[in-house]
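Below: model34.txt (compact mmCIF, C-alpha atoms and all ligand atoms)
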```txt
# COMPACT_ATOMS: atom_id res chain seq x y z
CA MET X 20 67.80 95.45 74.71
CA PRO X 21 68.39 92.12 72.92
CA ASP X 22 66.78 89.02 74.35
CA TYR X 23 69.56 86.46 74.81
CA PRO X 24 68.70 82.77 75.15
CA VAL X 25 71.58 82.31 77.59
CA LEU X 26 72.92 84.98 79.96
CA LEU X 27 76.65 84.54 80.41
CA MET X 28 76.93 86.98 83.34
CA ASP X 29 74.22 85.22 85.34
CA PRO X 30 75.57 82.74 87.95
CA MET X 31 72.38 80.66 87.59
CA THR X 32 73.23 79.84 83.96
CA PHE X 33 76.11 77.63 85.06
CA VAL X 34 74.18 75.66 87.68
CA ARG X 35 72.87 73.50 84.82
CA GLY X 36 76.38 73.03 83.48
CA VAL X 37 78.49 75.09 81.08
CA PRO X 38 76.33 75.99 78.03
CA HIS X 39 78.74 74.45 75.53
CA ASP X 40 76.11 74.24 72.77
CA TYR X 41 75.44 77.94 73.09
CA PHE X 42 79.15 78.79 72.93
CA ALA X 43 79.38 76.61 69.80
CA GLU X 44 76.49 78.62 68.25
CA LEU X 45 78.26 81.88 69.13
CA ARG X 46 81.53 80.62 67.59
CA ALA X 47 79.66 79.64 64.42
CA GLN X 48 78.38 83.22 64.14
CA GLY X 49 81.78 84.82 64.82
CA PRO X 50 84.69 84.91 67.24
CA VAL X 51 83.72 88.19 68.97
CA HIS X 52 80.25 89.48 70.02
CA TRP X 53 78.93 92.68 71.62
CA ARG X 54 76.49 91.84 74.43
CA GLU X 55 74.19 93.87 76.64
CA GLU X 56 72.75 91.60 79.26
CA PRO X 57 70.11 92.96 81.68
CA GLY X 58 71.65 94.86 84.60
CA GLU X 59 75.17 94.45 83.23
CA VAL X 60 77.68 96.78 81.60
CA GLY X 61 77.86 96.06 77.84
CA TYR X 62 80.88 93.96 76.90
CA TRP X 63 82.65 92.16 74.08
CA ALA X 64 82.52 88.38 74.49
CA VAL X 65 85.58 86.83 72.84
CA VAL X 66 84.72 83.19 72.13
CA GLY X 67 87.20 82.23 69.36
CA TYR X 68 90.55 80.64 70.24
CA ASN X 69 92.86 82.87 68.18
CA GLU X 70 91.13 86.03 69.35
CA ALA X 71 91.22 84.94 73.03
CA VAL X 72 94.95 84.24 72.68
CA THR X 73 95.43 87.74 71.25
CA VAL X 74 93.58 89.35 74.18
CA ASN X 75 95.63 87.29 76.63
CA ARG X 76 98.99 88.15 75.06
CA GLU X 77 98.60 91.75 73.96
CA TRP X 78 98.70 93.46 77.30
CA GLU X 79 99.52 96.81 75.71
CA ALA X 80 96.12 96.78 74.01
CA PHE X 81 94.11 94.98 76.71
CA SER X 82 94.67 96.04 80.31
CA SER X 83 94.29 93.77 83.35
CA HIS X 84 94.69 96.78 85.62
CA ASP X 85 92.22 99.46 84.51
CA LYS X 86 89.09 97.65 85.76
CA SER X 87 90.83 94.47 87.10
CA SER X 88 90.74 91.07 85.39
CA LEU X 89 87.49 90.05 87.09
CA ILE X 90 84.23 90.16 85.14
CA ASN X 91 82.11 91.92 87.78
CA GLU X 92 82.08 95.70 88.11
CA LEU X 93 83.82 96.53 91.37
CA PRO X 94 83.12 99.50 93.64
CA GLU X 95 86.02 101.95 93.56
CA GLU X 96 87.47 100.95 96.92
CA GLU X 97 87.43 97.23 96.10
CA LEU X 98 88.92 97.90 92.67
CA ALA X 99 91.79 99.81 94.29
CA GLN X 100 92.46 96.81 96.56
CA GLN X 101 92.29 94.34 93.69
CA GLN X 102 94.71 96.43 91.65
CA LEU X 103 97.40 95.74 94.24
CA MET X 104 97.40 92.04 93.31
CA MET X 105 99.68 90.87 90.52
CA LEU X 106 96.77 89.32 88.58
CA ASN X 107 95.39 92.84 88.17
CA MET X 108 98.61 94.63 87.26
CA ASP X 109 100.06 95.54 83.86
CA PRO X 110 103.75 95.72 82.94
CA PRO X 111 106.06 97.30 84.03
CA MET X 112 104.63 97.08 87.56
CA HIS X 113 103.65 93.45 86.99
CA THR X 114 107.05 92.55 85.54
CA ARG X 115 108.89 93.74 88.65
CA TYR X 116 106.52 91.90 90.96
CA ARG X 117 106.62 88.70 88.93
CA ARG X 118 110.44 88.65 88.76
CA LEU X 119 110.56 88.85 92.54
CA VAL X 120 107.97 86.12 93.26
CA ASN X 121 109.49 83.90 90.54
CA LYS X 122 112.66 83.77 92.62
CA GLY X 123 110.76 81.87 95.29
CA PHE X 124 108.41 79.89 93.08
CA THR X 125 111.00 77.56 91.57
CA PRO X 126 110.70 74.07 90.01
CA ARG X 127 112.64 72.75 93.02
CA MET X 128 110.07 74.20 95.38
CA VAL X 129 107.39 72.29 93.47
CA ARG X 130 109.42 69.03 93.41
CA ASP X 131 109.97 69.25 97.16
CA LEU X 132 106.22 69.15 97.72
CA GLU X 133 105.75 65.84 95.91
CA ALA X 134 106.22 63.56 98.93
CA SER X 135 103.74 65.56 100.97
CA ILE X 136 101.21 65.50 98.09
CA HIS X 137 101.41 61.68 98.11
CA THR X 138 100.96 61.49 101.89
CA THR X 139 98.05 63.95 101.92
CA THR X 140 96.27 62.05 99.15
CA ASP X 141 96.72 58.77 101.02
CA THR X 142 95.42 60.36 104.23
CA LEU X 143 92.31 61.61 102.43
CA LEU X 144 91.65 58.22 100.86
CA ASP X 145 92.32 56.43 104.18
CA ALA X 146 89.58 58.50 105.80
CA VAL X 147 86.91 57.12 103.44
CA ILE X 148 88.26 53.83 102.09
CA GLU X 149 86.73 51.52 104.69
CA SER X 150 83.23 52.96 104.24
CA GLY X 151 83.11 52.50 100.46
CA LYS X 152 81.43 55.87 99.91
CA ALA X 153 82.31 59.57 99.92
CA ASP X 154 81.46 63.00 98.60
CA PHE X 155 84.26 63.23 96.05
CA VAL X 156 84.46 67.04 96.26
CA VAL X 157 84.23 67.60 100.01
CA ASP X 158 86.15 64.53 101.19
CA ILE X 159 88.77 64.17 98.46
CA ALA X 160 89.23 66.99 95.92
CA ALA X 161 88.83 70.05 98.16
CA GLU X 162 91.34 69.22 100.85
CA LEU X 163 94.44 68.40 98.78
CA PRO X 164 95.03 71.86 97.26
CA LEU X 165 94.44 73.50 100.65
CA VAL X 166 97.12 71.37 102.32
CA VAL X 167 99.51 71.90 99.41
CA ILE X 168 99.22 75.70 99.55
CA ALA X 169 99.68 75.64 103.32
CA ASP X 170 102.81 73.48 102.88
CA LEU X 171 104.13 75.71 100.11
CA LEU X 172 103.66 78.85 102.15
CA GLY X 173 104.96 77.28 105.34
CA VAL X 174 101.79 77.74 107.43
CA PRO X 175 102.27 75.86 110.73
CA ARG X 176 100.05 72.77 111.16
CA GLU X 177 98.20 74.20 114.14
CA ASP X 178 96.99 77.22 112.14
CA ARG X 179 95.78 75.34 109.10
CA HIS X 180 92.15 74.90 110.03
CA ARG X 181 91.87 78.70 110.34
CA MET X 182 93.45 79.21 106.96
CA PHE X 183 91.10 76.61 105.41
CA ASP X 184 88.10 78.31 106.96
CA TRP X 185 89.09 81.75 105.67
CA SER X 186 89.84 80.54 102.18
CA ASN X 187 86.58 78.59 101.96
CA LYS X 188 84.69 81.72 102.96
CA MET X 189 86.48 83.80 100.35
CA ILE X 190 85.82 81.17 97.68
CA GLY X 191 82.19 80.40 98.45
CA ASN X 192 80.70 83.86 98.54
CA GLN X 193 78.79 83.63 95.27
CA ASP X 194 76.94 80.42 95.98
CA PRO X 195 73.78 80.49 98.14
CA GLU X 196 74.53 77.00 99.56
CA PHE X 197 77.46 78.36 101.54
CA ALA X 198 75.31 81.21 102.95
CA ILE X 199 78.29 83.53 102.98
CA THR X 200 77.61 87.24 102.62
CA ASP X 201 80.00 89.65 100.95
CA GLU X 202 80.74 91.04 104.43
CA MET X 203 81.73 87.59 105.72
CA ALA X 204 84.00 87.01 102.72
CA GLN X 205 85.57 90.45 103.21
CA SER X 206 86.15 89.84 106.88
CA ALA X 207 87.69 86.41 106.16
CA ALA X 208 90.05 88.13 103.72
CA MET X 209 90.94 90.72 106.37
CA GLU X 210 91.67 88.03 108.97
CA LEU X 211 93.81 86.09 106.51
CA TYR X 212 95.62 89.26 105.68
CA VAL X 213 96.39 90.11 109.31
CA TYR X 214 97.48 86.52 109.87
CA ALA X 215 99.81 86.64 106.84
CA SER X 216 101.33 89.86 108.11
CA THR X 217 102.17 88.34 111.52
CA LEU X 218 103.54 85.18 109.93
CA PHE X 219 105.74 87.14 107.51
CA GLY X 220 107.08 89.09 110.50
CA GLU X 221 108.09 85.81 112.17
CA LYS X 222 109.60 84.38 108.96
CA ARG X 223 111.69 87.49 108.46
CA ILE X 224 113.34 86.95 111.84
CA ASN X 225 113.42 83.16 111.76
CA PRO X 226 113.42 81.99 108.10
CA HIS X 227 112.92 78.34 107.03
CA ASP X 228 113.00 76.91 103.49
CA ASP X 229 109.31 77.64 102.63
CA LEU X 230 108.08 80.11 100.03
CA MET X 231 107.10 82.79 102.54
CA SER X 232 110.56 82.77 104.14
CA ILE X 233 112.24 82.94 100.74
CA LEU X 234 110.04 85.80 99.60
CA THR X 235 110.93 87.87 102.65
CA GLN X 236 114.59 87.60 101.60
CA VAL X 237 114.54 87.88 97.77
CA GLU X 238 116.16 90.90 96.24
CA ILE X 239 116.67 92.00 92.63
CA ASP X 240 118.71 95.13 91.88
CA GLY X 241 118.37 96.17 95.52
CA GLU X 242 114.56 95.82 95.41
CA GLN X 243 112.51 93.66 97.77
CA LEU X 244 108.81 92.93 98.15
CA ASN X 245 107.33 95.14 100.86
CA GLY X 246 104.99 93.90 103.61
CA LEU X 247 101.77 94.77 101.76
CA GLU X 248 102.98 93.05 98.58
CA LEU X 249 103.87 89.90 100.50
CA GLU X 250 100.50 89.76 102.22
CA LEU X 251 98.61 90.26 98.97
CA PHE X 252 100.59 87.48 97.34
CA PHE X 253 99.66 85.17 100.21
CA LEU X 254 96.00 86.10 99.70
CA LEU X 255 96.18 85.58 95.91
CA LEU X 256 97.83 82.16 96.23
CA THR X 257 95.26 81.05 98.77
CA VAL X 258 92.45 81.72 96.32
CA ALA X 259 94.19 81.06 92.97
CA GLY X 260 95.72 77.75 94.00
CA ASN X 261 92.74 76.24 95.77
CA GLU X 262 89.49 76.67 93.98
CA THR X 263 90.97 76.05 90.55
CA THR X 264 92.71 72.77 91.40
CA ARG X 265 89.77 71.48 93.46
CA ASN X 266 87.37 72.07 90.57
CA LEU X 267 89.72 70.61 88.01
CA ILE X 268 89.98 67.34 89.95
CA SER X 269 86.22 67.19 90.62
CA GLY X 270 85.25 68.24 87.09
CA ALA X 271 87.62 65.67 85.60
CA MET X 272 86.14 62.92 87.76
CA ALA X 273 82.66 63.90 86.57
CA ALA X 274 83.95 63.79 82.97
CA PHE X 275 85.30 60.26 83.51
CA PHE X 276 81.90 59.19 84.86
CA GLU X 277 80.30 60.47 81.66
CA HIS X 278 82.98 58.73 79.56
CA PRO X 279 83.72 55.46 81.40
CA GLU X 280 85.65 54.09 78.41
CA GLN X 281 88.25 56.86 78.95
CA TRP X 282 88.65 55.76 82.58
CA GLU X 283 89.20 52.17 81.46
CA LEU X 284 91.71 53.35 78.87
CA LEU X 285 93.75 55.19 81.50
CA ARG X 286 93.40 52.36 83.97
CA ASN X 287 94.86 49.93 81.44
CA ASP X 288 97.56 52.23 80.10
CA ARG X 289 99.15 54.56 82.63
CA SER X 290 101.55 55.87 80.00
CA LEU X 291 98.58 58.00 78.91
CA MET X 292 98.62 59.95 82.20
CA ASN X 293 100.30 63.08 80.85
CA SER X 294 98.04 63.48 77.83
CA ALA X 295 95.06 62.62 80.08
CA ILE X 296 96.00 65.49 82.41
CA GLU X 297 96.15 67.95 79.51
CA GLU X 298 92.76 66.74 78.29
CA MET X 299 91.26 67.06 81.78
CA LEU X 300 92.57 70.63 81.85
CA ARG X 301 91.08 71.42 78.42
CA PHE X 302 87.76 69.70 78.96
CA VAL X 303 87.07 71.12 82.45
CA THR X 304 88.66 74.62 82.18
CA PRO X 305 87.96 75.72 85.78
CA VAL X 306 88.70 79.41 85.12
CA MET X 307 86.05 80.13 82.49
CA ASN X 308 87.02 83.69 81.62
CA PHE X 309 88.98 86.80 82.47
CA ARG X 310 88.28 90.42 81.75
CA ARG X 311 90.40 93.09 80.12
CA THR X 312 89.78 96.76 79.28
CA ALA X 313 90.71 98.14 75.84
CA LYS X 314 93.52 100.70 76.05
CA SER X 315 92.72 102.21 72.64
CA ASP X 316 90.43 101.62 69.65
CA ILE X 317 91.32 98.25 68.13
CA GLU X 318 90.01 95.67 65.62
CA LEU X 319 89.46 92.12 66.82
CA GLY X 320 87.71 89.30 64.99
CA GLY X 321 86.16 91.81 62.55
CA CYS X 322 84.77 94.00 65.39
CA HIS X 323 85.67 97.59 66.27
CA ILE X 324 86.50 97.70 69.93
CA LYS X 325 86.62 101.18 71.44
CA LYS X 326 89.03 102.53 74.03
CA GLY X 327 87.65 101.79 77.51
CA ASP X 328 85.37 98.92 76.35
CA LYS X 329 85.00 95.86 78.56
CA VAL X 330 86.38 92.72 76.91
CA VAL X 331 85.73 89.26 78.37
CA PHE X 332 87.61 86.34 76.84
CA TYR X 333 86.25 82.85 77.41
CA HIS X 334 88.87 80.15 77.97
CA ILE X 335 85.99 77.71 78.25
CA SER X 336 84.91 78.47 74.67
CA ALA X 337 88.41 78.88 73.18
CA ASN X 338 89.30 75.42 74.48
CA ARG X 339 86.49 73.92 72.40
CA ASP X 340 87.04 75.96 69.25
CA GLU X 341 86.50 73.54 66.36
CA ARG X 342 89.05 75.50 64.25
CA VAL X 343 91.79 74.32 66.63
CA PHE X 344 90.56 71.13 68.32
CA GLU X 345 89.29 68.25 66.22
CA ASP X 346 86.04 66.80 67.55
CA SER X 347 86.27 69.52 70.19
CA GLN X 348 83.32 68.44 72.37
CA LYS X 349 84.80 64.98 72.84
CA PHE X 350 86.71 64.00 76.01
CA ASP X 351 89.68 62.16 74.54
CA ILE X 352 92.63 61.43 76.84
CA THR X 353 94.87 60.57 73.87
CA ARG X 354 94.42 64.03 72.30
CA ASN X 355 97.67 65.33 70.86
CA PRO X 356 98.47 68.14 70.22
CA ASN X 357 96.40 69.86 72.88
CA PRO X 358 97.22 73.60 72.96
CA HIS X 359 94.54 74.46 75.56
CA MET X 360 94.64 77.84 77.27
CA THR X 361 93.49 76.66 80.69
CA PHE X 362 96.52 78.25 82.41
CA GLY X 363 96.62 81.23 80.01
CA ALA X 364 98.07 81.50 76.53
CA GLY X 365 101.59 82.82 76.90
CA GLY X 366 100.67 86.30 78.17
CA PRO X 367 102.47 87.97 81.08
CA HIS X 368 100.10 86.46 83.68
CA PHE X 369 100.58 82.81 82.67
CA CYS X 370 99.63 80.71 85.72
CA LEU X 371 102.49 80.57 88.22
CA GLY X 372 101.15 77.35 89.71
CA ALA X 373 100.64 75.39 86.46
CA ASN X 374 103.26 72.73 87.20
CA LEU X 375 102.24 72.41 90.82
CA ALA X 376 98.61 71.91 89.73
CA ARG X 377 99.68 69.29 87.16
CA LEU X 378 101.59 67.43 89.87
CA GLU X 379 98.58 67.45 92.24
CA ILE X 380 96.30 66.16 89.48
CA LYS X 381 98.77 63.41 88.57
CA VAL X 382 99.27 62.18 92.12
CA MET X 383 95.53 62.28 92.85
CA PHE X 384 94.53 60.27 89.77
CA GLU X 385 97.36 57.76 90.25
CA HIS X 386 96.15 57.08 93.80
CA LEU X 387 92.51 56.85 92.71
CA LEU X 388 93.41 54.34 90.01
CA ASP X 389 95.56 52.35 92.44
CA ARG X 390 93.26 52.36 95.44
CA ILE X 391 89.63 52.78 94.31
CA PRO X 392 89.65 52.03 90.58
CA ASP X 393 86.01 50.89 90.54
CA LEU X 394 84.63 54.15 91.88
CA ALA X 395 81.18 54.99 90.52
CA GLN X 396 78.89 57.97 90.61
CA ALA X 397 76.21 57.55 93.28
CA GLY X 398 74.12 60.71 92.92
CA GLU X 399 73.61 64.01 91.14
CA VAL X 400 76.53 66.35 90.40
CA SER X 401 75.74 69.66 92.04
CA ARG X 402 77.41 72.62 90.40
CA LEU X 403 78.67 75.96 91.65
CA HIS X 404 76.64 79.15 91.02
CA SER X 405 79.30 81.24 89.33
CA PRO X 406 79.79 82.91 85.94
CA PHE X 407 83.59 82.83 86.49
CA ILE X 408 84.61 79.47 87.97
CA SER X 409 83.31 76.21 86.53
CA GLY X 410 82.89 74.25 89.73
CA VAL X 411 81.41 71.13 91.28
CA LYS X 412 80.14 71.36 94.88
CA HIS X 413 79.10 67.75 95.47
CA LEU X 414 79.71 64.49 93.68
CA PRO X 415 78.61 61.38 95.65
CA ILE X 416 80.61 58.24 94.89
CA THR X 417 80.71 54.59 95.93
CA PHE X 418 83.51 52.03 95.53
CA SER X 419 84.63 48.67 96.89
CA PRO X 420 85.90 49.25 100.43
CA GLY X 421 89.62 48.72 101.00
CA ALA X 422 92.25 48.95 103.71
CA LYS X 423 94.03 52.01 105.02
CA VAL X 424 97.69 52.36 104.04
CA LEU X 425 98.89 54.82 106.68
CA SER X 426 98.91 53.94 110.34
C1 LIG K 501 94.01 73.60 87.68
C2 LIG K 501 94.48 74.56 88.43
C3 LIG K 501 94.71 75.98 87.98
C4 LIG K 501 94.16 76.68 86.94
C5 LIG K 501 93.13 76.19 85.92
C6 LIG K 501 94.74 78.02 86.96
C7 LIG K 501 94.45 79.01 86.03
C8 LIG K 501 95.05 80.25 86.00
C9 LIG K 501 94.83 81.23 84.98
C10 LIG K 501 93.88 81.09 83.77
C11 LIG K 501 95.60 82.31 85.28
C12 LIG K 501 95.71 83.61 84.46
C13 LIG K 501 96.61 83.38 83.28
C14 LIG K 501 96.65 84.50 82.27
O1 LIG K 501 95.84 85.45 82.36
O2 LIG K 501 97.49 84.41 81.35
C15 LIG K 501 96.31 82.02 86.50
C16 LIG K 501 97.18 82.87 87.13
C17 LIG K 501 97.76 82.58 88.36
N1 LIG K 501 97.75 81.39 89.01
FE1 LIG K 501 96.79 79.70 88.47
N2 LIG K 501 95.60 78.10 88.01
C18 LIG K 501 95.62 76.88 88.67
C19 LIG K 501 96.40 76.55 89.76
C20 LIG K 501 97.22 77.40 90.44
C21 LIG K 501 98.01 77.05 91.60
C22 LIG K 501 98.08 75.66 92.22
C23 LIG K 501 98.64 78.20 91.99
C24 LIG K 501 99.58 78.45 93.12
C25 LIG K 501 100.03 77.62 93.97
C26 LIG K 501 98.27 79.26 91.07
C27 LIG K 501 98.71 80.57 91.13
C28 LIG K 501 98.46 81.54 90.18
C29 LIG K 501 98.96 82.90 90.28
C30 LIG K 501 99.80 83.50 91.41
C31 LIG K 501 98.52 83.56 89.12
C32 LIG K 501 98.78 85.03 88.75
C33 LIG K 501 100.00 85.15 87.88
C34 LIG K 501 100.23 86.57 87.39
O3 LIG K 501 99.37 87.44 87.52
O4 LIG K 501 101.33 86.82 86.86
N3 LIG K 501 97.40 78.72 90.14
N4 LIG K 501 95.98 80.74 86.91
```

Hey, can you dump this file as structure tokens for me?
Ligand code: HEM
Amino acid sequence: MPDYPVLLMDPMTFVRGVPHDYFAELRAQGPVHWREEPGEVGYWAVVGYNEAVTVNREWEAFSSHDKSSLINELPEEELAQQQLMMLNMDPPMHTRYRRLVNKGFTPRMVRDLEASIHTTTDTLLDAVIESGKADFVVDIAAELPLVVIADLLGVPREDRHRMFDWSNKMIGNQDPEFAITDEMAQSAAMELYVYASTLFGEKRINPHDDLMSILTQVEIDGEQLNGLELELFFLLLTVAGNETTRNLISGAMAAFFEHPEQWELLRNDRSLMNSAIEEMLRFVTPVMNFRRTAKSDIELGGCHIKKGDKVVFYHISANRDERVFEDSQKFDITRNPNPHMTFGAGGPHFCLGANLARLEIKVMFEHLLDRIPDLAQAGEVSRLHSPFISGVKHLPITFSPGAKVLS
């Protein structure tokens, strides 16, 4: 078995930070590599941009369903459960599901959340602003996406702490710090699931204008989402919309600390906000990879992939491919064009929440620049143990204390 300097399936690898130099070495050798890491099923690592885009788009050749889109091998029962979520479906099943949820997930729905995103961000900053210090992840970045998803779904205020607890348990199960066993994560998912089912029942009878109510009513060609499909969508949104956005905001803050001149640039020229957001997305890339399974023998990047082979494409590497991004390891908020694949690359699963995430990032960084522009790093960045999500667990900060803005 080959002796790899860096094991990409090992959660410990990423505790020291994403091994960008190693990915650059791999890209220099070729865009696609066969790997057999100890204790892991052999797989093709797709590290080149063009090849990753191909895997993402060509769903007929690369299935999200056969073994799911997650990189770990799942026991049969868990795989069967995962396959019921849209992220792990292939067309035509996926197309039907996506058309139905798209009916509820409209640009207007996202716009309507803007006022609440501003208020939530102010509330979070109010809670720490007088003390002049905070844990950026726990106190600021983690809470916003949780509240936004709860608002979007129409979860009543009094139930939110339970929803936050369940989703944190489901998210944290790979990292020893959270001391959450697989059983605890599974049981949190079950509780969330039962909760969603009751709530959907209520919304069916007494609908409001939230996403859950709308989804109980949508119909295309006489077809509706059934109870199980609705509950699984609730579960997927709770995970997909939270961990990603939290880690983007935290990872971007850490990037600004490493590149203070970029912070000053944005502080002095807010017209750069949109390109800054795209660069934060490229540079941080919270979802590092997804898995596909080859549907037939196929050539990719000069390699012969066989039917049934595991294929893992690395967004985190594609987004720094020097063939596409000039000076690709540099954090440059003026970068343009910036065709990153942080939300996908035009395939059928392109992130449903991309514009909502962009809005959350924008509002958060506007408020940070307005209210605590002199924030500084006050301790070590501690990173998540995960080969899938690039995450920050703690990031201590200090800043000049200020006044609360909400009463
Ligand atoms: C910075 C934040 C986010 C990142 C980096 C991210 C990333 C991704 C990626 C890479 C995919 C798969 C795309 C593909 O394979 O083509 C995806 C799918 C998805 N995302 Fe996001 N996401 C974020 C925020 C959100 C939010 C806020 C929501 C919901 C409120 C959301 C909901 C979803 C859903 C439902 C899917 C599955 C779509 C499908 O299977 O058709 N995401 N996301």

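When all atoms listed in the file are used to measure the gap to Asp229 of chain X, the shortest distance among X:Gln243, X:Phe124, X:Asp288, X:Glu283 belongs to X:Phe124.
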
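The residue that comes closest to Asn287 of chain X, out of X:Pro392, X:Pro356, X:Gly123, X:Gly320 and on the basis of only C-alpha atoms, is X:Pro392.
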
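Take the candidates X:Pro226, X:Met360, X:Leu244, X:Thr138 and check each one against Asn121 of chain X using all atoms listed in the file; the shortest distance goes to X:Leu244.
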
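With all atoms listed in the file as the atoms that count, the residue of X:Thr417, X:Asn374, X:Ser336, X:Ser206 with the shortest distance to Asn69 of chain X is X:Ser336.
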
Centre and edges of the segment 350-364 of chain X box, axis-aligned, 4 Å extra per side, as JSON:
```
{"center_x": 92.6, "center_y": 71.0, "center_z": 76.3, "size_x": 19.8, "size_y": 28.9, "size_z": 20.2}
```

Point to revise | Sphere at (90.9, 65.6, 96.9), radius 9 Å, counting all atoms listed in the file: residues as an MDAnalysis selection string | key: chainID X and resid 139:140 143:144 155:164 265 268:269 383

At most 9 Å from (101.8, 85.4, 94.7), file frame, all atoms listed in the file: which residues, as a tab-separated table (two decimals) with C-alpha atoms, in the frame of the given file?
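File written: selection.tsv
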```tsv
chain	number	residue	atom	x	y	z
X	104	MET	CA	97.40	92.04	93.31
X	105	MET	CA	99.68	90.87	90.52
X	106	LEU	CA	96.77	89.32	88.58
X	116	TYR	CA	106.52	91.90	90.96
X	117	ARG	CA	106.62	88.70	88.93
X	120	VAL	CA	107.97	86.12	93.26
X	121	ASN	CA	109.49	83.90	90.54
X	124	PHE	CA	108.41	79.89	93.08
X	248	GLU	CA	102.98	93.05	98.58
X	249	LEU	CA	103.87	89.90	100.50
X	250	GLU	CA	100.50	89.76	102.22
X	251	LEU	CA	98.61	90.26	98.97
X	252	PHE	CA	100.59	87.48	97.34
X	253	PHE	CA	99.66	85.17	100.21
X	254	LEU	CA	96.00	86.10	99.70
X	255	LEU	CA	96.18	85.58	95.91
X	256	LEU	CA	97.83	82.16	96.23
X	257	THR	CA	95.26	81.05	98.77
X	259	ALA	CA	94.19	81.06	92.97
X	371	LEU	CA	102.49	80.57	88.22
```

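Among the candidates X:Arg223, X:His323, X:His137, X:Arg301, the one nearest to ligand LIG 501 (chain K) when counting only C-alpha atoms and all ligand atoms is X:Arg301.
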
Review point. By how many Å are atom CA of Asn75 of chain X and atom CA of Tyr41 of chain X apart?
Key: 22.5 Å

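You will find atom CA of Met128 of chain X at 19.7 Å from atom CA of His368 of chain X.
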
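The nearest approach to Phe197 of chain X among the residues X:Val258, X:Leu403, X:Ile380, X:Leu119, with all atoms listed in the file taken into account, belongs to X:Leu403.
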
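Taking atom CA of Ile190 of chain X and atom CA of Ser88 of chain X as the two end points, the separation is 16.5 Å.
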
Exercise for review: Do a neighbour search on Lys381 of chain X at 12 Å with only C-alpha atoms, toss out local chain neighbours closer than 3 positions, and write the hits as a PyMOL selection string.
Suggested key: chain X and resi 133+136-137+140+264+267-268+271+285+289-297+299-300+374-378+384-388

Requested write-out: C-alpha atoms of the selected residues, as a PDB file, in the coordinates of the input:
```pdb
ATOM      1  CA  GLU X 133     105.750  65.840  95.910  1.00  0.00           C
ATOM      2  CA  ILE X 136     101.210  65.500  98.090  1.00  0.00           C
ATOM      3  CA  HIS X 137     101.410  61.680  98.110  1.00  0.00           C
ATOM      4  CA  THR X 140      96.270  62.050  99.150  1.00  0.00           C
ATOM      5  CA  THR X 264      92.710  72.770  91.400  1.00  0.00           C
ATOM      6  CA  LEU X 267      89.720  70.610  88.010  1.00  0.00           C
ATOM      7  CA  ILE X 268      89.980  67.340  89.950  1.00  0.00           C
ATOM      8  CA  ALA X 271      87.620  65.670  85.600  1.00  0.00           C
ATOM      9  CA  LEU X 285      93.750  55.190  81.500  1.00  0.00           C
ATOM     10  CA  ARG X 289      99.150  54.560  82.630  1.00  0.00           C
ATOM     11  CA  SER X 290     101.550  55.870  80.000  1.00  0.00           C
ATOM     12  CA  LEU X 291      98.580  58.000  78.910  1.00  0.00           C
ATOM     13  CA  MET X 292      98.620  59.950  82.200  1.00  0.00           C
ATOM     14  CA  ASN X 293     100.300  63.080  80.850  1.00  0.00           C
ATOM     15  CA  SER X 294      98.040  63.480  77.830  1.00  0.00           C
ATOM     16  CA  ALA X 295      95.060  62.620  80.080  1.00  0.00           C
ATOM     17  CA  ILE X 296      96.000  65.490  82.410  1.00  0.00           C
ATOM     18  CA  GLU X 297      96.150  67.950  79.510  1.00  0.00           C
ATOM     19  CA  MET X 299      91.260  67.060  81.780  1.00  0.00           C
ATOM     20  CA  LEU X 300      92.570  70.630  81.850  1.00  0.00           C
ATOM     21  CA  ASN X 374     103.260  72.730  87.200  1.00  0.00           C
ATOM     22  CA  LEU X 375     102.240  72.410  90.820  1.00  0.00           C
ATOM     23  CA  ALA X 376      98.610  71.910  89.730  1.00  0.00           C
ATOM     24  CA  ARG X 377      99.680  69.290  87.160  1.00  0.00           C
ATOM     25  CA  LEU X 378     101.590  67.430  89.870  1.00  0.00           C
ATOM     26  CA  PHE X 384      94.530  60.270  89.770  1.00  0.00           C
ATOM     27  CA  GLU X 385      97.360  57.760  90.250  1.00  0.00           C
ATOM     28  CA  HIS X 386      96.150  57.080  93.800  1.00  0.00           C
ATOM     29  CA  LEU X 387      92.510  56.850  92.710  1.00  0.00           C
ATOM     30  CA  LEU X 388      93.410  54.340  90.010  1.00  0.00           C
TER      31      LEU X 388
END
```

Practice item. Find the spatial neighbours of segment 35-37 of chain X, counting only C-alpha atoms, within a cut-off of 10 Å - ignore same-chain residues fewer than 3 positions away - and output them as an NGL selection string. Key: :X and (27 or 31-32 or 40-42 or 303 or 307 or 335-336 or 400-404 or 406 or 409-411)
